[in-house]
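What follows is the content of my_file-v9.csv, which has CSV, C-alpha atoms:
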```
chain,number,residue,atom,x,y,z
A,8,MET,CA,-77.7,20.9,66.2
A,9,SER,CA,-74.2,22.1,65.1
A,10,THR,CA,-72.1,22.3,62.1
A,11,HIS,CA,-68.4,23.1,61.3
A,12,PHE,CA,-67.7,26.8,60.9
A,13,MET,CA,-64.8,28.8,59.7
A,14,GLY,CA,-65.0,32.6,59.0
A,15,GLU,CA,-63.1,35.8,58.9
A,16,GLY,CA,-64.3,39.0,60.4
A,17,ASN,CA,-63.8,42.0,62.7
A,18,ILE,CA,-64.3,42.0,66.4
A,19,GLY,CA,-67.2,44.4,67.3
A,20,SER,CA,-66.7,44.7,71.1
A,21,ASP,CA,-64.0,44.2,73.7
A,22,PRO,CA,-63.8,40.6,75.0
A,23,GLU,CA,-65.8,39.5,78.0
A,24,VAL,CA,-64.3,36.9,80.3
A,25,LYS,CA,-65.8,34.7,83.0
A,26,MET,CA,-63.7,32.3,85.0
A,27,PHE,CA,-65.1,29.3,86.8
A,28,SER,CA,-63.7,27.6,89.9
A,29,PRO,CA,-61.9,24.3,89.7
A,30,ASN,CA,-64.2,21.2,89.7
A,31,GLY,CA,-62.6,18.2,91.4
A,32,ASN,CA,-59.3,17.5,89.7
A,33,GLN,CA,-60.0,19.9,86.9
A,34,PRO,CA,-58.0,23.1,86.7
A,35,PRO,CA,-59.9,26.4,86.7
A,36,ARG,CA,-61.2,27.4,83.2
A,37,GLY,CA,-63.1,30.2,81.7
A,38,VAL,CA,-65.0,31.4,78.7
A,39,MET,CA,-64.1,34.4,76.5
A,40,ARG,CA,-66.9,35.9,74.5
A,41,LEU,CA,-66.5,38.2,71.5
A,42,ASN,CA,-69.0,39.7,69.1
A,43,VAL,CA,-67.7,39.3,65.5
A,44,ARG,CA,-69.0,40.6,62.2
A,45,PHE,CA,-68.3,38.0,59.5
A,46,ASP,CA,-68.3,39.5,56.1
A,47,ASN,CA,-69.0,38.0,52.7
A,48,PRO,CA,-66.6,39.6,50.2
A,49,VAL,CA,-67.5,39.0,46.6
A,50,PRO,CA,-64.9,39.8,44.0
A,51,THR,CA,-65.9,42.4,41.3
A,52,ASP,CA,-64.1,44.2,38.6
A,53,THR,CA,-63.3,47.1,40.9
A,54,GLY,CA,-62.3,45.0,44.0
A,55,ASN,CA,-64.2,43.1,46.7
A,56,VAL,CA,-67.7,44.1,47.8
A,57,ASP,CA,-69.3,42.9,51.0
A,58,LYS,CA,-72.5,41.1,50.1
A,59,GLY,CA,-74.4,40.4,53.3
A,60,GLY,CA,-72.2,39.5,56.2
A,61,PHE,CA,-73.6,38.8,59.7
A,62,TRP,CA,-72.9,39.3,63.3
A,63,ALA,CA,-72.4,36.3,65.6
A,64,ASN,CA,-71.4,35.8,69.2
A,65,VAL,CA,-68.2,33.8,69.5
A,66,GLU,CA,-67.1,32.0,72.6
A,67,ILE,CA,-64.0,30.0,73.4
A,68,TRP,CA,-63.4,27.9,76.6
A,69,HIS,CA,-59.9,27.5,78.0
A,70,ARG,CA,-57.9,28.0,81.2
A,71,ASP,CA,-55.9,30.9,79.7
A,72,VAL,CA,-58.7,33.1,78.4
A,73,GLU,CA,-57.9,35.8,80.9
A,74,GLN,CA,-54.5,36.3,79.3
A,75,TRP,CA,-55.9,35.9,75.8
A,76,ALA,CA,-58.5,38.6,76.4
A,77,GLN,CA,-55.7,41.1,76.7
A,78,LEU,CA,-54.7,40.4,73.1
A,79,TYR,CA,-58.1,40.9,71.4
A,80,GLN,CA,-59.4,44.4,70.7
A,81,LYS,CA,-62.5,45.9,69.1
A,82,GLY,CA,-61.9,46.3,65.3
A,83,MET,CA,-59.2,43.6,65.2
A,84,ARG,CA,-59.4,41.2,62.2
A,85,VAL,CA,-59.7,37.5,63.2
A,86,MET,CA,-60.2,34.1,61.7
A,87,VAL,CA,-62.5,31.9,63.7
A,88,SER,CA,-62.7,28.1,63.5
A,89,GLY,CA,-65.2,26.0,65.5
A,90,ARG,CA,-68.9,24.9,65.5
A,91,MET,CA,-72.0,26.9,64.8
A,92,VAL,CA,-74.5,25.9,67.4
A,93,LEU,CA,-78.1,26.9,68.2
A,94,ASP,CA,-78.3,28.5,71.7
A,95,GLU,CA,-81.9,28.2,73.2
A,96,TRP,CA,-83.2,29.8,76.4
A,97,GLN,CA,-86.2,31.4,78.0
A,98,ASP,CA,-86.3,35.1,78.7
A,99,ASN,CA,-87.6,36.8,81.8
A,100,GLU,CA,-91.1,36.7,80.5
A,101,GLY,CA,-91.0,33.0,79.8
A,102,ASN,CA,-90.7,33.4,76.0
A,103,SER,CA,-88.6,30.9,74.1
A,104,ARG,CA,-85.6,32.5,72.5
A,105,SER,CA,-82.9,31.1,70.2
A,106,GLN,CA,-79.7,32.4,68.5
A,107,PHE,CA,-76.8,30.9,66.6
A,108,LYS,CA,-73.4,31.3,68.2
A,109,VAL,CA,-69.9,30.0,67.3
A,110,GLN,CA,-68.2,27.7,69.8
A,111,ALA,CA,-64.6,28.4,68.7
A,112,VAL,CA,-61.7,26.0,68.8
A,113,ARG,CA,-59.4,28.7,67.5
A,114,ILE,CA,-59.5,32.5,67.1
A,115,GLY,CA,-56.5,33.6,65.1
A,116,ILE,CA,-55.4,37.2,64.9
A,117,LEU,CA,-54.9,38.3,61.3
A,118,PRO,CA,-52.0,40.8,60.7
A,119,PHE,CA,-54.1,43.7,59.4
A,120,ARG,CA,-53.4,46.9,61.3
A,121,ILE,CA,-51.0,45.1,63.7
A,122,ALA,CA,-48.0,47.4,64.5
A,123,GLN,CA,-45.9,45.1,66.7
A,124,VAL,CA,-45.9,41.6,68.2
A,125,VAL,CA,-43.8,41.0,71.3
A,126,LEU,CA,-43.4,37.5,72.7
A,127,GLU,CA,-42.8,36.7,76.4
A,128,PRO,CA,-39.8,34.5,77.2
A,129,ALA,CA,-40.4,30.8,77.0
A,130,GLN,CA,-40.4,28.9,80.3
A,131,GLY,CA,-36.8,28.6,81.4
A,132,GLN,CA,-35.5,31.5,79.2
A,133,GLN,CA,-34.2,34.7,80.8
A,134,THR,CA,-35.0,37.2,78.0
A,135,PRO,CA,-37.3,37.2,75.1
A,136,ARG,CA,-36.0,35.9,71.8
A,137,GLN,CA,-35.0,38.6,69.4
A,138,PRO,CA,-37.0,38.9,66.2
A,139,PRO,CA,-35.1,37.3,63.2
A,140,SER,CA,-32.8,39.6,61.4
A,141,GLN,CA,-34.1,41.2,58.2
A,142,GLN,CA,-31.4,39.4,56.1
A,143,GLY,CA,-32.1,36.6,53.8
A,144,ALA,CA,-34.1,35.7,50.7
A,145,TYR,CA,-37.1,37.8,51.6
A,146,SER,CA,-35.5,40.8,53.3
A,147,LYS,CA,-37.2,43.3,51.0
A,148,SER,CA,-40.7,44.5,51.5
A,149,ALA,CA,-43.5,44.6,49.0
A,150,GLY,CA,-43.1,47.2,46.3
A,151,PRO,CA,-45.6,50.0,45.6
A,152,ASP,CA,-47.8,47.8,43.5
A,153,GLY,CA,-47.7,44.9,46.1
A,154,GLU,CA,-45.1,42.8,44.2
A,155,TRP,CA,-42.4,41.1,46.1
A,156,ASP,CA,-38.7,41.1,45.2
A,157,ASN,CA,-37.0,37.7,45.6
A,158,PRO,CA,-33.2,38.3,45.4
A,159,VAL,CA,-32.7,34.5,45.4
A,160,SER,CA,-34.5,34.1,42.1
A,161,THR,CA,-32.1,33.0,39.3
A,162,GLY,CA,-34.3,32.2,36.4
A,163,SER,CA,-36.0,34.7,34.0
A,164,ASP,CA,-39.4,32.9,34.5
A,165,GLY,CA,-39.5,34.3,38.1
A,166,LEU,CA,-39.8,30.8,39.6
A,167,GLY,CA,-36.3,30.7,41.0
```
Re-express the file's structure as structure tokens.
Amino acid sequence: MSTHFMGEGNIGSDPEVKMFSPNGNQPPRGVMRLNVRFDNPVPTDTGNVDKGGFWANVEIWHRDVEQWAQLYQKGMRVMVSGRMVLDEWQDNEGNSRSQFKVQAVRIGILPFRIAQVVLEPAQGQQTPRQPPSQQGAYSKSAGPDGEWDNPVSTGSDGLG
């Protein structure tokens, strides 16, 4: 039993990684597991209020999970896309157990509380690419009330 899942939440524990040896012609691959609290923000007159989120184990299988695990940290905000599946097993006493988990296809890092992003050089490049200059149509940051200045705008309607 599975169903498509997409949710936004906070990582509750540091990633766990387990690598598996190659099987035949297959390259080695591994699994990264995270515990994520998915919230349920409901808009109110005074802002959003969390109305009953839930914790779920999230796992993603890939050959690069060892490197990916270095990027994810407890407290980080992520967007998870994948399938919700029922995991069933027997405990040490022989009792049947079950729990829902998310088999992720993607775990995107959301830019909340991120101070800096540094990219490694692409294959064949000597040095990392420099971040784009802060010149252009959107070179100004948001104002104190969250509004954005767009110096390219020419009309009085604010649509450019």
message: So that I can check the surroundings of Phe107 in chain A, please list as a count of residues only every protein, DNA and RNA residue that reaches within 12 Å of it, counting all atoms listed in the file and ignoring chain neighbours fewer than 5 positions away.
response: 17
message: Restricting the calculation to all atoms listed in the file: of A:Gly14, A:Met83, A:Asp71, A:Ala76, which residue gets closest to Pro35 in chain A?
response: A:Asp71
Would you give the centre and edge lengths, in Å to one decimal, of a box along x, y and z around the listed atoms of range 94-105 of chain A, with 5 Å added to each side, as AutoDock Vina command-line options?
```
--center_x -84.7 --center_y 32.5 --center_z 76.0 --size_x 22.8 --size_y 18.6 --size_z 21.6
```
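Using only C-alpha atoms, the smallest distance between any of A:Asn30, A:Gln106, A:Gln80, A:Ser20 and Arg120 in chain A comes from A:Gln80.
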- request: Please provide the set of residues having any atom within 9 Å of Gly37 in chain A, restricted to only C-alpha atoms, with same-chain residues fewer than 3 positions apart removed, written as number ranges by chain.
  value: A: 24-28, 67-73
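Of note, CA of Val112 in chain A and CA of Trp75 in chain A are spaced 13.4 Å apart.
Nearest residue to Lys108 in chain A, choosing from A:Gly89, A:Asn55, A:Gly82, A:Val38 and counting all atoms listed in the file: A:Gly89.
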task: Show which residues sit within 7 Å of Arg44 in chain A, as a VMD selection string. Count all atoms listed in the file, and ignore same-chain residues fewer than 2 positions away.
output: chain A and resid 16 to 19 42 46 60 to 63
- prompt: CA of Pro34 in chain A and CA of Gln130 in chain A are how many Å apart?
  reply: 19.6 Å
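Each of A:Leu78, A:Pro48, A:Ser88, A:Asp98 was compared to Leu126 in chain A using only C-alpha atoms, and A:Leu78 turns out to be the nearest.
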message: Which residue is closest to Ile114 in chain A? Choose from A:Glu100, A:Asn47, A:Gly31, A:Met39 and count only C-alpha atoms.
response: A:Met39
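Distance check against Val109 in chain A using all atoms listed in the file: of A:Val87, A:Val49, A:Ile121, A:Ala129, the minimum falls on A:Val87.
CA of Phe45 in chain A is found 15.0 Å from CA of His11 in chain A.
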Take range 78-110 of chain A, bring it up to N, CA and C atoms, and give me the output as a compact mmCIF listing (two decimals), in the coordinates of the input.
```
# COMPACT_ATOMS: atom_id res chain seq x y z
N LEU A 78 -55.19 40.31 74.45
CA LEU A 78 -54.70 40.40 73.10
C LEU A 78 -55.74 40.91 72.10
N TYR A 79 -56.99 40.59 72.34
CA TYR A 79 -58.10 40.90 71.40
C TYR A 79 -58.65 42.26 71.67
N GLN A 80 -58.90 43.03 70.59
CA GLN A 80 -59.40 44.40 70.70
C GLN A 80 -60.53 44.61 69.70
N LYS A 81 -61.43 45.52 70.02
CA LYS A 81 -62.50 45.90 69.10
C LYS A 81 -61.84 46.40 67.79
N GLY A 82 -62.36 45.94 66.66
CA GLY A 82 -61.90 46.30 65.30
C GLY A 82 -60.81 45.40 64.78
N MET A 83 -60.27 44.50 65.60
CA MET A 83 -59.20 43.60 65.20
C MET A 83 -59.80 42.54 64.19
N ARG A 84 -59.02 42.19 63.18
CA ARG A 84 -59.40 41.20 62.20
C ARG A 84 -59.03 39.81 62.71
N VAL A 85 -59.98 38.85 62.71
CA VAL A 85 -59.70 37.50 63.20
C VAL A 85 -60.25 36.44 62.28
N MET A 86 -59.67 35.26 62.39
CA MET A 86 -60.20 34.10 61.70
C MET A 86 -60.65 33.12 62.79
N VAL A 87 -61.90 32.71 62.71
CA VAL A 87 -62.50 31.90 63.70
C VAL A 87 -62.83 30.51 63.15
N SER A 88 -62.46 29.47 63.90
CA SER A 88 -62.70 28.10 63.50
C SER A 88 -63.43 27.42 64.68
N GLY A 89 -64.52 26.72 64.39
CA GLY A 89 -65.20 26.00 65.50
C GLY A 89 -66.52 25.42 64.96
N ARG A 90 -67.55 25.45 65.81
CA ARG A 90 -68.90 24.90 65.50
C ARG A 90 -69.92 25.97 65.63
N MET A 91 -70.83 26.03 64.68
CA MET A 91 -72.00 26.90 64.80
C MET A 91 -73.06 26.10 65.52
N VAL A 92 -73.55 26.64 66.64
CA VAL A 92 -74.50 25.90 67.40
C VAL A 92 -75.75 26.82 67.70
N LEU A 93 -76.88 26.21 67.91
CA LEU A 93 -78.10 26.90 68.20
C LEU A 93 -78.21 27.02 69.75
N ASP A 94 -78.22 28.23 70.27
CA ASP A 94 -78.30 28.50 71.70
C ASP A 94 -79.81 28.78 71.99
N GLU A 95 -80.44 28.00 72.88
CA GLU A 95 -81.90 28.20 73.20
C GLU A 95 -82.02 28.46 74.68
N TRP A 96 -82.93 29.40 75.03
CA TRP A 96 -83.20 29.80 76.40
C TRP A 96 -84.57 30.40 76.51
N GLN A 97 -84.98 30.67 77.75
CA GLN A 97 -86.20 31.40 78.00
C GLN A 97 -85.88 32.74 78.61
N ASP A 98 -86.51 33.81 78.11
CA ASP A 98 -86.30 35.10 78.70
C ASP A 98 -87.03 35.32 79.96
N ASN A 99 -86.94 36.51 80.54
CA ASN A 99 -87.60 36.80 81.80
C ASN A 99 -89.09 36.67 81.82
N GLU A 100 -89.69 36.85 80.65
CA GLU A 100 -91.10 36.70 80.50
C GLU A 100 -91.57 35.30 80.18
N GLY A 101 -90.65 34.36 80.10
CA GLY A 101 -91.00 33.00 79.80
C GLY A 101 -91.06 32.65 78.32
N ASN A 102 -90.70 33.60 77.46
CA ASN A 102 -90.70 33.40 76.00
C ASN A 102 -89.50 32.56 75.59
N SER A 103 -89.71 31.63 74.68
CA SER A 103 -88.60 30.90 74.10
C SER A 103 -87.79 31.73 73.20
N ARG A 104 -86.47 31.70 73.35
CA ARG A 104 -85.60 32.50 72.50
C ARG A 104 -84.51 31.53 71.95
N SER A 105 -83.96 31.89 70.79
CA SER A 105 -82.90 31.10 70.20
C SER A 105 -81.98 32.03 69.40
N GLN A 106 -80.72 31.64 69.29
CA GLN A 106 -79.70 32.40 68.50
C GLN A 106 -78.58 31.51 68.19
N PHE A 107 -78.03 31.70 66.99
CA PHE A 107 -76.80 30.90 66.60
C PHE A 107 -75.62 31.61 67.26
N LYS A 108 -74.66 30.79 67.68
CA LYS A 108 -73.40 31.30 68.20
C LYS A 108 -72.30 30.35 67.68
N VAL A 109 -71.06 30.82 67.74
CA VAL A 109 -69.90 30.00 67.30
C VAL A 109 -69.17 29.57 68.58
N GLN A 110 -69.05 28.26 68.78
CA GLN A 110 -68.20 27.70 69.80
C GLN A 110 -66.83 27.51 69.17
```
